[in-house]
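**Student:** Contents of entry10.cif (mmCIF, C-alpha atoms) are given next:
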data_start
#
loop_
_atom_site.label_atom_id
_atom_site.label_comp_id
_atom_site.auth_asym_id
_atom_site.auth_seq_id
_atom_site.Cartn_x
_atom_site.Cartn_y
_atom_site.Cartn_z
CA MET G 1 137.76 -177.74 -145.96
CA SER G 2 136.64 -180.06 -143.21
CA GLY G 3 133.72 -180.97 -141.06
CA GLN G 4 133.89 -181.62 -137.32
CA ILE G 5 137.32 -182.69 -136.10
CA ALA G 6 136.19 -185.21 -133.48
CA GLY G 7 136.27 -188.11 -135.94
CA PRO G 8 138.62 -189.27 -138.70
CA LEU G 9 140.03 -186.96 -141.36
CA HIS G 10 139.54 -188.26 -144.89
CA ARG G 11 141.66 -187.08 -147.80
CA ILE G 12 139.29 -187.00 -150.77
CA ALA G 13 140.64 -186.43 -154.26
CA VAL G 14 138.38 -184.35 -156.51
CA MET G 15 138.64 -184.42 -160.30
CA PRO G 16 135.67 -182.59 -161.88
CA GLY G 17 136.79 -183.44 -165.43
CA ASP G 18 134.89 -182.36 -168.53
CA GLY G 19 131.55 -180.91 -169.60
CA VAL G 20 129.00 -180.70 -166.81
CA GLY G 21 131.36 -182.46 -164.41
CA PRO G 22 132.66 -179.30 -162.67
CA GLU G 23 129.21 -177.82 -161.94
CA LEU G 24 127.83 -181.13 -160.70
CA VAL G 25 130.83 -181.82 -158.50
CA GLY G 26 130.53 -178.29 -157.11
CA GLN G 27 126.95 -179.02 -156.02
CA ALA G 28 127.95 -182.41 -154.60
CA GLU G 29 130.61 -180.67 -152.51
CA ARG G 30 127.85 -178.58 -150.91
CA VAL G 31 126.15 -181.80 -149.84
CA LEU G 32 129.43 -183.23 -148.52
CA GLU G 33 130.05 -180.09 -146.48
CA ALA G 34 126.55 -180.05 -144.99
CA THR G 35 126.72 -183.73 -144.09
CA ALA G 36 130.14 -183.39 -142.48
CA GLU G 37 128.74 -180.69 -140.21
CA LEU G 38 126.29 -183.25 -138.82
CA GLU G 39 128.61 -186.23 -138.41
CA PRO G 40 131.88 -186.66 -136.47
CA PHE G 41 134.33 -186.73 -139.35
CA GLY G 42 136.52 -184.26 -141.14
CA TYR G 43 137.76 -184.18 -144.69
CA GLU G 44 140.34 -182.53 -146.87
CA LEU G 45 139.77 -182.05 -150.60
CA VAL G 46 142.76 -182.57 -152.88
CA ARG G 47 141.97 -181.07 -156.27
CA PHE G 48 143.10 -182.36 -159.66
CA PRO G 49 142.64 -180.17 -162.77
CA HIS G 50 142.94 -182.96 -165.33
CA SER G 51 140.38 -182.56 -168.12
CA GLY G 52 140.14 -181.96 -171.83
CA SER G 53 140.60 -178.24 -171.29
CA TYR G 54 143.68 -178.87 -169.14
CA TYR G 55 145.11 -181.18 -171.79
CA ARG G 56 144.55 -178.67 -174.58
CA THR G 57 146.30 -176.01 -172.52
CA THR G 58 149.21 -178.01 -171.10
CA GLY G 59 149.54 -181.10 -173.29
CA VAL G 60 149.24 -183.25 -170.14
CA LEU G 61 146.66 -186.02 -169.89
CA LEU G 62 147.69 -187.74 -166.65
CA ASP G 63 151.26 -187.28 -165.47
CA PRO G 64 153.03 -189.74 -163.13
CA ALA G 65 152.91 -187.21 -160.29
CA ALA G 66 149.10 -187.22 -160.49
CA PHE G 67 149.00 -190.96 -159.88
CA ASP G 68 151.29 -190.61 -156.87
CA ASP G 69 149.13 -187.81 -155.46
CA LEU G 70 145.95 -189.80 -156.06
CA GLN G 71 147.34 -192.80 -154.23
CA ALA G 72 148.05 -190.56 -151.23
CA CYS G 73 144.30 -189.92 -150.98
CA ASP G 74 141.63 -192.21 -149.57
CA SER G 75 139.35 -192.15 -152.62
CA LEU G 76 138.37 -190.03 -155.62
CA LEU G 77 135.20 -188.08 -156.42
CA PHE G 78 135.12 -187.84 -160.22
CA GLY G 79 132.90 -185.70 -162.43
CA ALA G 80 132.85 -186.78 -166.07
CA ALA G 81 135.14 -187.51 -169.03
CA GLY G 82 134.53 -186.53 -172.64
CA ASP G 83 135.63 -183.46 -174.61
CA PRO G 84 134.05 -182.93 -178.06
CA ASP G 85 137.00 -180.76 -179.12
CA LEU G 86 139.33 -183.78 -178.92
CA PRO G 87 139.35 -187.07 -180.87
CA ILE G 88 136.60 -189.34 -179.59
CA GLY G 89 137.61 -191.35 -176.54
CA THR G 90 140.72 -189.31 -175.72
CA MET G 91 139.65 -188.23 -172.25
CA GLU G 92 137.59 -191.33 -171.49
CA LYS G 93 140.62 -193.52 -172.14
CA ALA G 94 142.94 -191.33 -170.06
CA LEU G 95 140.71 -190.41 -167.12
CA ILE G 96 138.76 -193.65 -166.80
CA VAL G 97 140.41 -196.61 -168.56
CA GLU G 98 144.06 -195.75 -167.93
CA LEU G 99 143.42 -194.34 -164.48
CA SER G 100 141.52 -197.50 -163.52
CA ALA G 101 144.33 -199.72 -164.80
CA ARG G 102 147.10 -197.74 -163.08
CA LEU G 103 145.27 -197.59 -159.75
CA GLY G 104 144.04 -201.19 -159.92
CA LEU G 105 140.36 -200.21 -159.89
CA SER G 106 139.38 -203.66 -161.03
CA VAL G 107 135.78 -204.05 -159.86
CA GLY G 108 132.96 -201.73 -160.86
CA ILE G 109 129.93 -201.44 -158.59
CA ARG G 110 126.67 -199.75 -159.57
CA PRO G 111 123.70 -199.84 -157.17
CA ILE G 112 120.39 -199.19 -158.90
CA LYS G 113 117.30 -198.62 -156.79
CA LEU G 114 113.91 -197.13 -157.55
CA HIS G 115 113.34 -194.17 -155.21
CA ALA G 116 109.76 -193.52 -156.26
CA GLU G 117 107.28 -195.39 -158.46
CA TRP G 118 106.42 -192.31 -160.53
CA LEU G 119 109.99 -192.29 -161.89
CA SER G 120 109.70 -195.67 -163.62
CA PRO G 121 108.06 -196.44 -166.96
CA LEU G 122 107.22 -199.93 -165.64
CA LYS G 123 104.78 -200.88 -162.92
CA ALA G 124 106.81 -204.06 -162.38
CA ALA G 125 109.85 -201.99 -161.37
CA ALA G 126 108.38 -200.95 -158.02
CA ALA G 127 110.66 -203.31 -156.09
CA LEU G 128 113.79 -202.83 -158.19
CA ASP G 129 116.85 -202.76 -155.93
CA ILE G 130 119.94 -204.33 -157.48
CA VAL G 131 123.70 -204.00 -157.51
CA ILE G 132 125.57 -204.70 -160.73
CA VAL G 133 129.20 -205.77 -160.25
CA ARG G 134 131.48 -205.94 -163.25
CA ASP G 135 135.12 -206.44 -164.08
CA THR G 136 136.63 -203.13 -165.24
CA THR G 137 140.17 -203.94 -166.41
CA GLU G 138 139.87 -207.11 -168.50
CA GLY G 139 137.50 -208.26 -171.24
CA GLU G 140 137.53 -205.87 -174.19
CA LEU G 141 139.80 -203.44 -172.32
CA ALA G 142 142.76 -205.74 -171.66
CA ILE G 143 144.05 -205.70 -175.26
CA PRO G 144 141.96 -203.03 -177.01
CA GLY G 145 143.29 -203.69 -180.53
CA GLY G 146 142.85 -201.30 -183.42
CA SER G 147 142.36 -201.09 -187.17
CA LEU G 148 144.17 -201.67 -190.46
CA HIS G 149 143.75 -199.88 -193.79
CA SER G 150 141.59 -197.21 -192.21
CA GLY G 151 139.48 -195.21 -194.65
CA THR G 152 139.78 -197.77 -197.43
CA PRO G 153 137.38 -200.50 -198.63
CA PHE G 154 139.72 -202.99 -196.94
CA GLU G 155 139.46 -201.45 -193.48
CA ALA G 156 139.50 -204.07 -190.74
CA THR G 157 139.21 -203.79 -186.98
CA ALA G 158 140.01 -206.33 -184.30
CA SER G 159 140.50 -206.69 -180.58
CA ILE G 160 141.12 -209.54 -178.16
CA VAL G 161 138.69 -210.40 -175.39
CA MET G 162 140.61 -211.70 -172.42
CA HIS G 163 139.40 -212.88 -169.03
CA THR G 164 141.71 -214.34 -166.39
CA ARG G 165 140.74 -216.65 -163.57
CA HIS G 166 142.13 -214.12 -161.11
CA GLY G 167 140.07 -211.27 -162.56
CA VAL G 168 136.87 -213.29 -162.83
CA ASP G 169 137.21 -214.69 -159.32
CA ARG G 170 137.84 -211.19 -158.00
CA ALA G 171 134.55 -209.89 -159.37
CA LEU G 172 132.61 -213.03 -158.48
CA SER G 173 133.78 -213.15 -154.87
CA HIS G 174 132.86 -209.50 -154.37
CA GLY G 175 129.43 -210.19 -155.84
CA PHE G 176 128.83 -213.20 -153.59
CA GLU G 177 129.93 -211.23 -150.52
CA LEU G 178 127.57 -208.38 -151.42
CA ALA G 179 124.69 -210.80 -151.93
CA ARG G 180 125.34 -212.38 -148.55
CA ARG G 181 124.72 -208.94 -146.97
CA ARG G 182 121.63 -208.33 -149.11
CA ARG G 183 119.02 -210.82 -150.35
CA ARG G 184 121.38 -213.74 -151.04
CA ARG G 185 120.88 -214.06 -154.80
CA VAL G 186 123.57 -213.78 -157.49
CA ALA G 187 122.98 -213.83 -161.25
CA VAL G 188 126.14 -214.25 -163.34
CA VAL G 189 125.64 -212.97 -166.89
CA ALA G 190 127.96 -214.05 -169.69
CA GLN G 191 127.68 -215.26 -173.30
CA ALA G 192 129.07 -218.60 -172.19
CA ASN G 193 127.14 -220.62 -174.78
CA ALA G 194 128.65 -218.92 -177.83
CA LEU G 195 131.87 -217.19 -176.75
CA GLY G 196 134.68 -219.36 -175.46
CA ALA G 197 136.21 -216.42 -173.62
CA HIS G 198 133.02 -216.08 -171.55
CA ARG G 199 132.76 -219.70 -170.39
CA ILE G 200 135.12 -219.06 -167.51
CA TRP G 201 132.50 -216.79 -165.93
CA HIS G 202 129.90 -219.52 -165.58
CA GLU G 203 132.44 -222.21 -164.76
CA ARG G 204 134.07 -220.19 -161.99
CA ALA G 205 130.66 -219.08 -160.66
CA VAL G 206 129.59 -222.71 -160.21
CA GLU G 207 132.85 -223.51 -158.45
CA MET G 208 132.69 -220.45 -156.19
CA ALA G 209 129.05 -221.10 -155.27
CA ARG G 210 130.24 -224.17 -153.34
CA TYR G 211 131.71 -221.78 -150.75
CA TYR G 212 128.47 -219.78 -150.52
CA PRO G 213 125.77 -222.40 -149.90
CA ASP G 214 123.54 -219.70 -148.43
CA VAL G 215 123.52 -217.74 -151.71
CA GLU G 216 121.34 -218.75 -154.65
CA LEU G 217 123.22 -218.75 -157.97
CA GLU G 218 121.63 -218.23 -161.39
CA LEU G 219 123.54 -218.41 -164.68
CA LEU G 220 122.13 -216.24 -167.46
CA TYR G 221 122.93 -215.19 -171.01
CA PRO G 222 122.80 -211.44 -171.78
CA ASP G 223 119.60 -211.54 -173.83
CA ALA G 224 117.70 -213.42 -171.12
CA ALA G 225 119.05 -211.10 -168.44
CA ALA G 226 117.94 -208.01 -170.37
CA MET G 227 114.49 -209.49 -170.96
CA ASP G 228 114.05 -210.40 -167.30
CA LEU G 229 115.17 -206.96 -166.14
CA ILE G 230 112.11 -205.64 -167.98
CA ARG G 231 109.72 -208.49 -167.24
CA SER G 232 110.50 -209.21 -163.58
CA PRO G 233 113.18 -206.86 -162.21
CA ALA G 234 112.39 -207.75 -158.60
CA ARG G 235 113.93 -211.19 -159.10
CA PHE G 236 117.42 -209.68 -159.24
CA ASP G 237 119.62 -208.89 -156.25
CA VAL G 238 123.30 -208.87 -157.34
CA ILE G 239 124.34 -209.23 -160.97
CA VAL G 240 127.98 -210.04 -161.80
CA THR G 241 129.16 -209.68 -165.37
CA THR G 242 131.77 -208.43 -167.84
CA ILE G 243 132.66 -204.83 -168.59
CA MET G 244 130.76 -204.66 -171.90
CA ILE G 245 127.64 -206.60 -170.88
CA GLY G 246 127.59 -204.69 -167.62
CA GLY G 247 127.65 -201.40 -169.48
CA ILE G 248 124.47 -202.36 -171.32
CA LEU G 249 122.61 -203.85 -168.35
CA THR G 250 123.44 -200.95 -166.03
CA ASP G 251 122.01 -198.39 -168.45
CA LEU G 252 118.94 -200.54 -169.06
CA ALA G 253 118.35 -200.85 -165.32
CA ALA G 254 118.93 -197.11 -164.89
CA ALA G 255 116.14 -196.41 -167.37
CA LEU G 256 113.79 -198.42 -165.16
CA VAL G 257 114.43 -196.19 -162.13
CA GLY G 258 114.08 -192.83 -163.85
CA GLY G 259 117.22 -192.44 -165.91
CA ILE G 260 120.98 -192.53 -165.74
CA GLY G 261 120.96 -189.07 -164.16
CA LEU G 262 119.90 -190.71 -160.88
CA VAL G 263 122.56 -193.43 -160.76
CA ALA G 264 126.06 -193.34 -159.26
CA SER G 265 128.90 -195.74 -159.92
CA SER G 266 132.24 -196.76 -158.45
CA ARG G 267 135.43 -198.58 -159.34
CA ILE G 268 137.32 -200.14 -156.45
CA ASN G 269 140.79 -201.51 -155.78
CA LEU G 270 139.83 -204.39 -153.51
CA SER G 271 143.37 -204.63 -152.10
CA SER G 272 144.18 -201.02 -151.26
CA GLY G 273 140.60 -199.87 -150.72
CA PHE G 274 141.01 -196.85 -153.02
CA GLY G 275 137.83 -196.12 -154.94
CA MET G 276 136.71 -193.83 -157.74
CA PHE G 277 133.13 -192.57 -157.36
CA GLU G 278 131.22 -190.83 -160.13
CA PRO G 279 127.83 -190.26 -161.72
CA ALA G 280 127.01 -192.96 -164.25
CA HIS G 281 126.22 -190.44 -167.00
CA GLY G 282 128.78 -188.74 -169.22
CA SER G 283 130.02 -185.20 -169.68
CA ALA G 284 126.93 -183.98 -171.62
CA PRO G 285 128.89 -181.15 -173.27
CA LYS G 286 125.87 -179.51 -174.90
CA TYR G 287 124.46 -178.78 -171.43
CA THR G 288 127.68 -177.31 -170.03
CA GLY G 289 127.00 -174.06 -168.26
CA THR G 290 123.21 -174.31 -168.52
CA GLY G 291 122.73 -175.23 -164.86
CA GLN G 292 120.01 -177.69 -165.80
CA VAL G 293 121.59 -181.14 -165.46
CA CYS G 294 120.23 -183.29 -162.62
CA PRO G 295 122.79 -183.45 -159.77
CA ILE G 296 121.34 -186.54 -158.09
CA ALA G 297 123.81 -189.06 -159.58
CA THR G 298 126.81 -187.02 -158.40
CA ILE G 299 125.23 -186.50 -154.97
CA GLU G 300 124.64 -190.24 -154.77
CA ALA G 301 128.31 -190.76 -155.71
CA VAL G 302 129.24 -188.75 -152.61
CA ALA G 303 127.00 -191.01 -150.53
CA MET G 304 128.69 -194.10 -151.98
CA LEU G 305 132.11 -192.61 -151.30
CA LEU G 306 131.26 -191.87 -147.67
CA ASP G 307 129.88 -195.38 -147.15
CA HIS G 308 133.09 -196.79 -148.61
CA LEU G 309 135.14 -194.66 -146.18
CA GLY G 310 133.19 -196.08 -143.26
CA GLU G 311 130.90 -193.08 -142.76
CA MET G 312 127.71 -195.12 -143.01
CA GLU G 313 125.49 -192.71 -141.09
CA ALA G 314 126.56 -189.78 -143.24
CA SER G 315 125.94 -191.84 -146.36
CA LYS G 316 122.50 -192.84 -145.08
CA ARG G 317 121.58 -189.19 -144.49
CA ILE G 318 122.20 -188.43 -148.15
CA HIS G 319 120.43 -191.53 -149.48
CA VAL G 320 117.36 -190.83 -147.34
CA ALA G 321 117.29 -187.15 -148.34
CA VAL G 322 117.44 -188.05 -152.03
CA SER G 323 114.71 -190.68 -151.70
CA GLU G 324 112.43 -188.33 -149.77
CA ALA G 325 112.99 -185.47 -152.23
CA LEU G 326 112.03 -187.73 -155.12
CA SER G 327 109.17 -189.66 -153.51
CA SER G 328 107.58 -186.43 -152.27
CA ARG G 329 107.97 -184.95 -155.76
CA GLU G 330 109.79 -181.91 -154.43
CA ILE G 331 112.10 -182.80 -157.28
CA LEU G 332 109.44 -183.40 -159.89
CA ASP G 333 111.53 -183.52 -163.05
CA VAL G 334 114.96 -185.17 -163.30
CA SER G 335 115.55 -184.14 -166.91
CA THR G 336 117.38 -181.10 -168.26
CA ALA G 337 113.96 -179.43 -168.59
CA SER G 338 113.59 -179.24 -164.81
CA GLN G 339 112.47 -175.87 -163.50
CA LEU G 340 114.59 -176.42 -160.39
CA GLY G 341 117.86 -176.71 -162.25
CA THR G 342 121.10 -178.14 -160.87
CA ALA G 343 121.45 -175.82 -157.87
CA GLY G 344 117.74 -175.87 -157.07
CA ALA G 345 117.59 -179.67 -156.90
CA THR G 346 120.65 -179.64 -154.66
CA ASP G 347 118.91 -177.11 -152.40
CA VAL G 348 116.01 -179.52 -151.97
CA VAL G 349 118.34 -182.35 -150.93
CA LEU G 350 120.22 -180.05 -148.56
CA HIS G 351 116.96 -178.92 -146.97
CA ARG G 352 116.07 -182.56 -146.32
CA ILE G 353 119.50 -183.34 -144.82
CA VAL G 354 119.54 -180.32 -142.50
CA GLY G 355 115.85 -180.57 -141.62
CA ALA G 356 116.16 -184.21 -140.58
CA ALA G 357 118.91 -183.29 -138.12
CA ARG G 358 116.80 -180.72 -136.22
#
As structure tokens, what does this structure read like?
**Tutor:**
Amino acid sequence: MSGQIAGPLHRIAVMPGDGVGPELVGQAERVLEATAELEPFGYELVRFPHSGSYYRTTGVLLDPAAFDDLQACDSLLFGAAGDPDLPIGTMEKALIVELSARLGLSVGIRPIKLHAEWLSPLKAAAALDIVIVRDTTEGELAIPGGSLHSGTPFEATASIVMHTRHGVDRALSHGFELARRRRRRVAVVAQANALGAHRIWHERAVEMARYYPDVELELLYPDAAAMDLIRSPARFDVIVTTIMIGGILTDLAAALVGGIGLVASSRINLSSGFGMFEPAHGSAPKYTGTGQVCPIATIEAVAMLLDHLGEMEASKRIHVAVSEALSSREILDVSTASQLGTAGATDVVLHRIVGAAR
């Protein structure tokens, strides 16, 4: 499938994954198709069946050929990982952790912006517009550890937290560059006062700030950062942090803008440019097939993907359509109780995209 052929042709990998992933990705593809009809670019979808269901049928999680085929694409639109019929973490580890490591998707980027004040539980969140950048291959993921004497009174678990100067600098430099294009403020969040493994984050941030004199640097501990996200969210522009702390802060910030069902996320290989774009929520297996899950996060993932591929105008069309649909309350409920449902909410966004082009 492709849009107009006057512009570039993008090869986009599509991996719907588990749970509600396939139905949400299907709706997001409708938005991609409509947008491509309005902008001078074409695209080709390269489909990957990998999921819990695929694994239970074939015994294959992610074969080497899949990695080769993925690398032949420009970027990946991903649905969700998590199959309740498999041991916990099986698909998440394969489709997110291992895939990220093999493809070098080392920096995670999650923009979080309030589209409409009625979506937030806080009046102070009206100006919330932040990007959270986090390392995605080190920290608690580098050497995940395990357990001894499982199921006995002597059960013990352990892992090693590891951060390298290269990995920390990679995330920090991306955060500083983003801030330079935004509001020129960076907050680096790490437990540097109590955890020796986290000190490198604040130390390297101070050193790197010397090369960005036009960017204001703030060093925070996780508890203070969480408190200030609630108390004065407008103070934040770009937050750079670790994989685990980032996981907590991104979900907290998502709650302030209406819920994780509105937030998209990406993991990027800064060298090759390959990116994985996905909704920030999980597979929500109990809602599979109900047609009620909010599609906005997956639609926003498409917008992020297009922006990453250089299709800024196409990306802007989607962002504007989503914001207008929410601020006008055409999409009045972003929960699974919505009367619009998954397809209905997508229809509203599509109407905005097409209507704006007339």
**Student:** Under the rule that only C-alpha atoms are counted, which of G:Ser283, G:Glu44, G:Ala171, G:Ala205 is the nearest residue to Ser75 of chain G?
**Tutor:** G:Glu44
**Student:** Pick the closest to Arg231 of chain G from G:Arg180, G:Lys316, G:His351, G:Lys123: which is it, counting all atoms listed in the file?
**Tutor:** G:Lys123
**Student:** Atom CA of Lys113 of chain G and atom CA of Val257 of chain G, how far apart in Å?
**Tutor:**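 Rounded to one decimal, the two atoms are 6.5 Å apart.
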**Student:** Quick one: which residues end up in the PyMOL selection byres ((chain G and resi 191-199) around 8) for this structure, as a ChimeraX atom specification?
**Tutor:** /G:161-163,189-190,200-203,221-222
**Student:** Determine the nearest neighbour of Lys93 of chain G from the options G:Leu32, G:Val240, G:Ala80, G:Ala116, counting only C-alpha atoms.
**Tutor:**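 Counting only C-alpha atoms, the residue closest to Lys93 of chain G is G:Ala80.
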**Student:** Go through segment 260-312 of chain G residue by residue and, counting all atoms listed in the file, keep those with an atom at most 12 Å from segment 34-37 of chain G; for each kept residue give the shortest atom pair and its distance in Å to one decimal, ordered by chain and increasing number, as CSV.
**Tutor:**
residue,atom,partner,partner_atom,distance
G:Ile299,CA,G:Thr35,CA,11.3
G:Val302,CA,G:Thr35,CA,10.2
G:Ala303,CA,G:Thr35,CA,9.7
G:Leu306,CA,G:Thr35,CA,10.0
G:Glu311,CA,G:Ala36,CA,9.7
G:Met312,CA,G:Thr35,CA,11.5
**Student:** Tell me which of G:Ala13, G:Val293, G:Val320, G:Ala325 sits closest to Pro49 of chain G, counting only C-alpha atoms.
**Tutor:**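 Going through G:Ala13, G:Val293, G:Val320, G:Ala325 one by one, the smallest distance to Pro49 of chain G is for G:Ala13.
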**Student:** Need the shell around His308 of chain G: protein/DNA/RNA residues with any atom at most 12 Å away, counting all atoms listed in the file. Skip same-chain ones fewer than 4 positions apart. Format as a PyMOL selection string?
**Tutor:** chain G and resi 10+12+74-77+109+266-270+273-277+301-304+312-316
**Student:** Go through G:Thr242, G:Thr290, G:Thr336, G:Thr90 and flag the residue nearest Thr164 of chain G, using only C-alpha atoms for the distances.
**Tutor:**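 Nearest to Thr164 of chain G: G:Thr242.
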**Student:** Could you please fill out segment 11-25 of chain G with N, CA and C atoms and send it back as an mmCIF file, keeping the file's coordinate frame?
**Tutor:**
data_model
loop_
_atom_site.group_PDB
_atom_site.id
_atom_site.type_symbol
_atom_site.label_atom_id
_atom_site.label_comp_id
_atom_site.auth_asym_id
_atom_site.auth_seq_id
_atom_site.Cartn_x
_atom_site.Cartn_y
_atom_site.Cartn_z
ATOM 1 N N ARG G 11 141.101 -187.837 -146.681
ATOM 2 C CA ARG G 11 141.660 -187.080 -147.800
ATOM 3 C C ARG G 11 140.941 -187.534 -149.068
ATOM 4 N N ILE G 12 140.132 -186.669 -149.622
ATOM 5 C CA ILE G 12 139.290 -187.000 -150.770
ATOM 6 C C ILE G 12 139.811 -186.266 -152.000
ATOM 7 N N ALA G 13 140.228 -187.026 -152.990
ATOM 8 C CA ALA G 13 140.640 -186.430 -154.260
ATOM 9 C C ALA G 13 139.399 -185.996 -155.029
ATOM 10 N N VAL G 14 139.482 -184.867 -155.715
ATOM 11 C CA VAL G 14 138.380 -184.350 -156.510
ATOM 12 C C VAL G 14 138.884 -184.021 -157.903
ATOM 13 N N MET G 15 138.291 -184.671 -158.906
ATOM 14 C CA MET G 15 138.640 -184.420 -160.300
ATOM 15 C C MET G 15 137.345 -184.166 -161.072
ATOM 16 N N PRO G 16 136.942 -182.904 -161.222
ATOM 17 C CA PRO G 16 135.670 -182.590 -161.880
ATOM 18 C C PRO G 16 135.622 -183.017 -163.344
ATOM 19 N N GLY G 17 136.746 -182.960 -164.058
ATOM 20 C CA GLY G 17 136.790 -183.440 -165.430
ATOM 21 C C GLY G 17 136.155 -182.503 -166.435
ATOM 22 N N ASP G 18 135.373 -183.078 -167.352
ATOM 23 C CA ASP G 18 134.890 -182.360 -168.530
ATOM 24 C C ASP G 18 133.397 -182.029 -168.457
ATOM 25 N N GLY G 19 132.972 -181.186 -169.397
ATOM 26 C CA GLY G 19 131.550 -180.910 -169.600
ATOM 27 C C GLY G 19 130.863 -180.413 -168.344
ATOM 28 N N VAL G 20 129.774 -181.096 -167.981
ATOM 29 C CA VAL G 20 129.000 -180.700 -166.810
ATOM 30 C C VAL G 20 129.627 -181.175 -165.502
ATOM 31 N N GLY G 21 130.712 -181.925 -165.605
ATOM 32 C CA GLY G 21 131.360 -182.460 -164.410
ATOM 33 C C GLY G 21 131.658 -181.414 -163.352
ATOM 34 N N PRO G 22 132.314 -180.288 -163.702
ATOM 35 C CA PRO G 22 132.660 -179.300 -162.670
ATOM 36 C C PRO G 22 131.451 -178.728 -161.932
ATOM 37 N N GLU G 23 130.358 -178.408 -162.648
ATOM 38 C CA GLU G 23 129.210 -177.820 -161.940
ATOM 39 C C GLU G 23 128.507 -178.839 -161.070
ATOM 40 N N LEU G 24 128.462 -180.096 -161.502
ATOM 41 C CA LEU G 24 127.830 -181.130 -160.700
ATOM 42 C C LEU G 24 128.662 -181.466 -159.469
ATOM 43 N N VAL G 25 129.957 -181.555 -159.643
ATOM 44 C CA VAL G 25 130.830 -181.820 -158.500
ATOM 45 C C VAL G 25 130.757 -180.673 -157.502
#
